[in-house]
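Q: My structure is in data00.cif, and what it holds is mmCIF, C-alpha atoms:
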data_query
#
loop_
_atom_site.group_PDB
_atom_site.id
_atom_site.type_symbol
_atom_site.label_atom_id
_atom_site.label_comp_id
_atom_site.auth_asym_id
_atom_site.auth_seq_id
_atom_site.Cartn_x
_atom_site.Cartn_y
_atom_site.Cartn_z
ATOM 1 C CA MET L 1 1.984 -2.978 -10.955
ATOM 2 C CA ASP L 2 2.991 -1.565 -14.329
ATOM 3 C CA GLU L 3 5.939 0.773 -14.914
ATOM 4 C CA LYS L 4 3.736 3.833 -15.485
ATOM 5 C CA ALA L 5 1.986 3.316 -12.148
ATOM 6 C CA LEU L 6 5.346 2.839 -10.382
ATOM 7 C CA ASP L 7 6.487 6.268 -11.614
ATOM 8 C CA ILE L 8 4.331 7.922 -8.942
ATOM 9 C CA PHE L 9 6.821 6.766 -6.281
ATOM 10 C CA SER L 10 9.783 8.460 -7.998
ATOM 11 C CA ALA L 11 8.077 11.834 -8.350
ATOM 12 C CA ALA L 12 7.509 14.559 -5.799
ATOM 13 C CA ARG L 13 3.960 15.221 -4.705
ATOM 14 C CA ALA L 14 1.459 15.453 -7.533
ATOM 15 C CA ARG L 15 -1.788 17.367 -7.417
ATOM 16 C CA ARG L 16 -4.809 15.215 -6.511
ATOM 17 C CA ASP L 17 -7.442 14.909 -9.229
ATOM 18 C CA VAL L 18 -10.559 15.029 -7.054
ATOM 19 C CA GLY L 19 -12.798 14.955 -10.137
ATOM 20 C CA ARG L 20 -11.264 11.666 -11.264
ATOM 21 C CA ILE L 21 -11.616 10.259 -7.734
ATOM 22 C CA ARG L 22 -15.315 11.201 -7.710
ATOM 23 C CA GLU L 23 -15.816 9.590 -11.134
ATOM 24 C CA ALA L 24 -14.271 6.356 -9.872
ATOM 25 C CA LEU L 25 -16.452 6.456 -6.753
ATOM 26 C CA ALA L 26 -19.573 6.841 -8.913
ATOM 27 C CA GLU L 27 -18.614 3.765 -10.998
ATOM 28 C CA VAL L 28 -17.121 1.383 -8.428
ATOM 29 C CA LYS L 29 -19.045 -1.689 -7.288
ATOM 30 C CA ALA L 30 -18.391 -4.750 -5.171
ATOM 31 C CA GLY L 31 -16.200 -7.260 -6.975
ATOM 32 C CA ASP L 32 -14.303 -4.682 -9.060
ATOM 33 C CA VAL L 33 -10.520 -4.722 -8.831
ATOM 34 C CA ALA L 34 -9.110 -1.312 -7.925
ATOM 35 C CA ARG L 35 -5.842 0.425 -7.091
ATOM 36 C CA VAL L 36 -5.914 3.135 -4.424
ATOM 37 C CA ILE L 37 -2.939 5.471 -4.062
ATOM 38 C CA VAL L 38 -2.708 6.742 -0.476
ATOM 39 C CA ARG L 39 -0.436 9.419 1.012
ATOM 40 C CA SER L 40 -0.212 9.059 4.775
ATOM 41 C CA PRO L 41 1.982 11.070 7.153
ATOM 42 C CA ARG L 42 2.607 7.850 9.124
ATOM 43 C CA TYR L 43 3.064 5.326 6.254
ATOM 44 C CA GLY L 44 4.186 7.468 3.310
ATOM 45 C CA LEU L 45 2.939 7.022 -0.249
ATOM 46 C CA TYR L 46 1.659 3.537 -1.016
ATOM 47 C CA ALA L 47 -0.650 1.743 -3.422
ATOM 48 C CA LEU L 48 -3.175 -0.867 -2.396
ATOM 49 C CA GLU L 49 -4.616 -3.157 -5.096
ATOM 50 C CA GLY L 50 -7.409 -5.621 -4.564
ATOM 51 C CA THR L 51 -11.051 -6.544 -4.860
ATOM 52 C CA VAL L 52 -13.601 -3.956 -3.802
ATOM 53 C CA ARG L 53 -16.004 -5.049 -1.091
ATOM 54 C CA ILE L 54 -18.771 -3.140 0.673
ATOM 55 C CA GLY L 55 -18.213 -2.378 4.358
ATOM 56 C CA VAL L 56 -20.697 -2.338 7.205
ATOM 57 C CA GLY L 57 -21.638 1.316 6.601
ATOM 58 C CA GLY L 58 -22.152 0.734 2.875
ATOM 59 C CA GLN L 59 -18.806 2.267 1.886
ATOM 60 C CA PRO L 60 -16.667 0.539 -0.729
ATOM 61 C CA LEU L 61 -13.305 -0.673 0.593
ATOM 62 C CA VAL L 62 -10.112 -2.114 -0.809
ATOM 63 C CA GLY L 63 -8.203 -3.870 1.947
ATOM 64 C CA ASP L 64 -8.542 -1.542 4.927
ATOM 65 C CA VAL L 65 -8.948 1.677 2.912
ATOM 66 C CA ILE L 66 -12.417 3.197 2.578
ATOM 67 C CA LEU L 67 -12.830 4.575 -0.934
ATOM 68 C CA ALA L 68 -13.752 8.244 -0.510
ATOM 69 C CA THR L 69 -12.531 11.731 -1.364
ATOM 70 C CA SER L 70 -10.523 11.948 1.874
ATOM 71 C CA ALA L 71 -7.319 13.973 1.731
ATOM 72 C CA GLU L 72 -5.098 10.879 2.030
ATOM 73 C CA ILE L 73 -6.465 9.259 -1.148
ATOM 74 C CA GLN L 74 -4.492 10.531 -4.126
ATOM 75 C CA ARG L 75 -6.014 8.424 -6.901
ATOM 76 C CA ILE L 76 -8.372 5.515 -7.530
ATOM 77 C CA ASP L 77 -7.884 3.358 -10.642
ATOM 78 C CA LEU L 78 -10.533 0.834 -11.691
ATOM 79 C CA GLY L 79 -10.298 -2.024 -14.161
ATOM 80 C CA ILE L 80 -6.790 -3.145 -13.282
ATOM 81 C CA GLU L 81 -5.649 -6.773 -13.201
ATOM 82 C CA ALA L 82 -6.157 -8.678 -9.970
ATOM 83 C CA PRO L 83 -2.931 -8.806 -7.932
ATOM 84 C CA GLN L 84 -1.011 -12.080 -7.890
ATOM 85 C CA PRO L 85 1.782 -13.153 -5.546
ATOM 86 C CA ALA L 86 5.275 -12.768 -7.016
ATOM 87 C CA LEU L 87 6.038 -16.450 -6.543
ATOM 88 C CA GLU L 88 9.123 -16.249 -8.763
ATOM 89 C CA ALA L 89 10.635 -13.502 -6.580
ATOM 90 C CA ASP L 90 13.505 -14.386 -4.260
ATOM 91 C CA VAL L 91 12.644 -15.143 -0.645
ATOM 92 C CA VAL L 92 13.344 -11.929 1.229
ATOM 93 C CA ASP L 93 14.871 -11.939 4.693
ATOM 94 C CA PRO L 94 13.028 -9.132 6.533
ATOM 95 C CA SER L 95 16.255 -8.031 8.216
ATOM 96 C CA THR L 96 17.506 -6.947 4.753
ATOM 97 C CA LEU L 97 14.637 -4.458 4.369
ATOM 98 C CA PRO L 98 15.634 -1.196 6.037
ATOM 99 C CA HIS L 99 13.149 1.645 6.506
ATOM 100 C CA GLY L 100 12.261 3.178 3.138
ATOM 101 C CA THR L 101 13.018 0.126 0.968
ATOM 102 C CA PRO L 102 10.510 0.020 -1.915
ATOM 103 C CA VAL L 103 8.620 -3.297 -1.983
ATOM 104 C CA ARG L 104 5.494 -4.977 -3.319
ATOM 105 C CA VAL L 105 3.909 -7.309 -0.778
ATOM 106 C CA THR L 106 1.040 -9.654 -1.584
ATOM 107 C CA PHE L 107 -1.306 -10.791 1.178
ATOM 108 C CA VAL L 108 -4.131 -13.348 1.274
ATOM 109 C CA THR L 109 -6.814 -13.122 3.951
ATOM 110 C CA PRO L 110 -10.282 -14.670 4.180
ATOM 111 C CA THR L 111 -11.918 -11.229 4.348
ATOM 112 C CA HIS L 112 -9.867 -9.253 1.820
ATOM 113 C CA GLN L 113 -8.903 -12.145 -0.499
ATOM 114 C CA THR L 114 -5.657 -11.491 -2.412
ATOM 115 C CA PHE L 115 -4.404 -7.912 -2.344
ATOM 116 C CA ALA L 116 -1.069 -6.182 -2.848
ATOM 117 C CA LEU L 117 0.622 -3.204 -1.257
ATOM 118 C CA THR L 118 3.393 -1.315 -3.032
ATOM 119 C CA GLY L 119 5.445 1.338 -1.298
ATOM 120 C CA PRO L 120 8.167 1.916 1.261
ATOM 121 C CA ILE L 121 8.736 -0.466 4.150
ATOM 122 C CA THR L 122 8.309 1.501 7.360
ATOM 123 C CA ALA L 123 10.030 0.778 10.636
ATOM 124 C CA GLY L 124 9.695 2.395 14.009
ATOM 125 C CA ASN L 125 10.116 2.068 17.736
ATOM 126 C CA ASP L 126 8.808 -1.478 17.662
ATOM 127 C CA ARG L 127 9.782 -4.777 16.049
ATOM 128 C CA PHE L 128 7.371 -4.526 13.093
ATOM 129 C CA LEU L 129 7.966 -3.753 9.427
ATOM 130 C CA LEU L 130 4.895 -2.408 7.638
ATOM 131 C CA VAL L 131 3.690 -1.281 4.234
ATOM 132 C CA GLY L 132 0.717 0.965 4.771
ATOM 133 C CA SER L 133 -0.860 -0.248 8.003
ATOM 134 C CA TRP L 134 -0.224 -3.932 7.191
ATOM 135 C CA ILE L 135 2.419 -5.883 9.100
ATOM 136 C CA VAL L 136 4.928 -7.486 6.737
ATOM 137 C CA ALA L 137 7.275 -8.857 9.389
ATOM 138 C CA ASP L 138 7.452 -9.222 13.152
ATOM 139 C CA ASP L 139 11.149 -9.001 13.970
ATOM 140 C CA ARG L 140 12.651 -11.534 11.502
ATOM 141 C CA ALA L 141 9.458 -13.571 10.978
ATOM 142 C CA ILE L 142 7.368 -12.878 7.899
ATOM 143 C CA ALA L 143 3.718 -12.232 8.814
ATOM 144 C CA PRO L 144 1.416 -15.251 8.355
ATOM 145 C CA ARG L 145 -0.830 -13.726 5.638
ATOM 146 C CA VAL L 146 2.095 -12.562 3.462
ATOM 147 C CA GLN L 147 2.338 -14.575 0.248
ATOM 148 C CA SER L 148 5.267 -12.749 -1.337
ATOM 149 C CA ILE L 149 7.640 -9.853 -0.768
ATOM 150 C CA GLU L 150 9.235 -8.405 -3.859
ATOM 151 C CA ARG L 151 12.018 -5.853 -3.432
ATOM 152 C CA LEU L 152 11.631 -3.146 -6.103
ATOM 153 C CA ASP L 153 15.270 -2.306 -6.740
ATOM 154 C CA ASP L 154 14.410 -0.418 -9.940
ATOM 155 C CA VAL L 155 12.143 2.082 -8.122
ATOM 156 C CA ASP L 156 13.870 5.215 -6.868
ATOM 157 C CA LEU L 157 11.566 6.465 -4.097
ATOM 158 C CA HIS L 158 11.446 10.242 -3.872
ATOM 159 C CA GLU L 159 12.309 11.364 -0.339
ATOM 160 C CA VAL L 160 8.895 13.029 0.199
ATOM 161 C CA ASN L 161 7.234 9.621 -0.333
ATOM 162 C CA VAL L 162 9.085 7.965 2.563
ATOM 163 C CA PRO L 163 7.782 8.871 6.028
ATOM 164 C CA PRO L 164 10.001 9.360 9.062
ATOM 165 C CA LEU L 165 10.498 6.357 11.347
ATOM 166 C CA ARG L 166 7.163 5.505 12.946
ATOM 167 C CA SER L 167 6.666 6.717 16.487
ATOM 168 C CA VAL L 168 4.343 5.203 19.043
ATOM 169 C CA LEU L 169 0.788 6.278 18.164
ATOM 170 C CA ALA L 170 0.371 8.207 21.433
ATOM 171 C CA ASP L 171 3.536 10.177 20.570
ATOM 172 C CA ALA L 172 2.347 10.786 17.006
ATOM 173 C CA ASP L 173 -0.876 12.383 18.263
ATOM 174 C CA ALA L 174 0.933 14.791 20.603
#
Using the file provided, produce a representation of the structure as structure tokens.

A:
Amino acid sequence: MDEKALDIFSAARARRDVGRIREALAEVKAGDVARVIVRSPRYGLYALEGTVRIGVGGQPLVGDVILATSAEIQRIDLGIEAPQPALEADVVDPSTLPHGTPVRVTFVTPTHQTFALTGPITAGNDRFLLVGSWIVADDRAIAPRVQSIERLDDVDLHEVNVPPLRSVLADADA
């Protein structure tokens, strides 16, 4: 992820450009590489980069995010470079990643191929560390589909972009 794109994590909330999102949705097709910026009350602000595929209902997806004008989607960028694992990055011990640590995690799955998530690590009342809704570590064990974890020490996450500690989903809905 380039420096300009990383700046979004240091800034307070920006206004969504729904027109630009609609333009991207009109152009996107299966096989494109896209970056989706998502703001979630549960997972904070994060970016998901990967290959667009078409879901069962005909909607384009990147990873587990349906590309649409939903309120959580802040921006969609097309024509970016395909994400690659940061193989030169140091091996990260998950216990050294407290809640809110900015990271870039690359995953490889048969369905989603190679994709990357950039944003704050989230922790909660469980043993999992996540970026977005993707498990990065289970206790001290790195998740099996994780190819690399890169700590982004040069990114100063703005406090509004880091969610509170995750609660149990039933508690979050109350």

Q: Which residues match the PyMOL selection byres ((chain L and resi 99) around 8) in the file above, as a tab-separated table (two decimals) with C-alpha atoms, in the coordinates of the input?

A:
chain	number	residue	atom	x	y	z
L	97	LEU	CA	14.64	-4.46	4.37
L	98	PRO	CA	15.63	-1.20	6.04
L	100	GLY	CA	12.26	3.18	3.14
L	101	THR	CA	13.02	0.13	0.97
L	120	PRO	CA	8.17	1.92	1.26
L	121	ILE	CA	8.74	-0.47	4.15
L	122	THR	CA	8.31	1.50	7.36
L	123	ALA	CA	10.03	0.78	10.64
L	165	LEU	CA	10.50	6.36	11.35

Q: Where does the PyMOL selection byres ((chain L and resi 158-164) around 9) land in this file, that is, which residues does it pick, as a short mmCIF file (atom, residue, chain, number, x, y, z; two decimals) with C-alpha atoms, in the frame of the given file?

A:
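Output file selection39.cif follows:
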data_model
loop_
_atom_site.label_atom_id
_atom_site.label_comp_id
_atom_site.auth_asym_id
_atom_site.auth_seq_id
_atom_site.Cartn_x
_atom_site.Cartn_y
_atom_site.Cartn_z
CA PHE L 9 6.82 6.77 -6.28
CA SER L 10 9.78 8.46 -8.00
CA ALA L 11 8.08 11.83 -8.35
CA ALA L 12 7.51 14.56 -5.80
CA ARG L 13 3.96 15.22 -4.70
CA ARG L 39 -0.44 9.42 1.01
CA SER L 40 -0.21 9.06 4.78
CA PRO L 41 1.98 11.07 7.15
CA ARG L 42 2.61 7.85 9.12
CA TYR L 43 3.06 5.33 6.25
CA GLY L 44 4.19 7.47 3.31
CA LEU L 45 2.94 7.02 -0.25
CA TYR L 46 1.66 3.54 -1.02
CA HIS L 99 13.15 1.64 6.51
CA GLY L 100 12.26 3.18 3.14
CA THR L 101 13.02 0.13 0.97
CA GLY L 119 5.44 1.34 -1.30
CA PRO L 120 8.17 1.92 1.26
CA ILE L 121 8.74 -0.47 4.15
CA THR L 122 8.31 1.50 7.36
CA ALA L 123 10.03 0.78 10.64
CA GLY L 124 9.70 2.40 14.01
CA ASP L 156 13.87 5.22 -6.87
CA LEU L 157 11.57 6.46 -4.10
CA LEU L 165 10.50 6.36 11.35
CA ARG L 166 7.16 5.50 12.95
CA SER L 167 6.67 6.72 16.49
#

Q: In Å, rounded to a single decimal, give me how far CA of Pro94 in chain L is from CA of Met1 in chain L.

A: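 Computed distance, CA of Met1 in chain L to CA of Pro94 in chain L, equals 21.6 Å.
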
Q: So that I can check the surroundings of range 71-82 of chain L, please list as an MDAnalysis selection string every protein, DNA and RNA residue that reaches within 6 Å of it, counting only C-alpha atoms and ignoring chain neighbours fewer than 6 positions away.

A: chainID L and resid 16 21 33:40

Q: Restricting the calculation to only C-alpha atoms, which member of L:Thr69, L:Ser133, L:Gln84, L:Thr96 is positioned closest to Gln113 in chain L?

A: L:Gln84
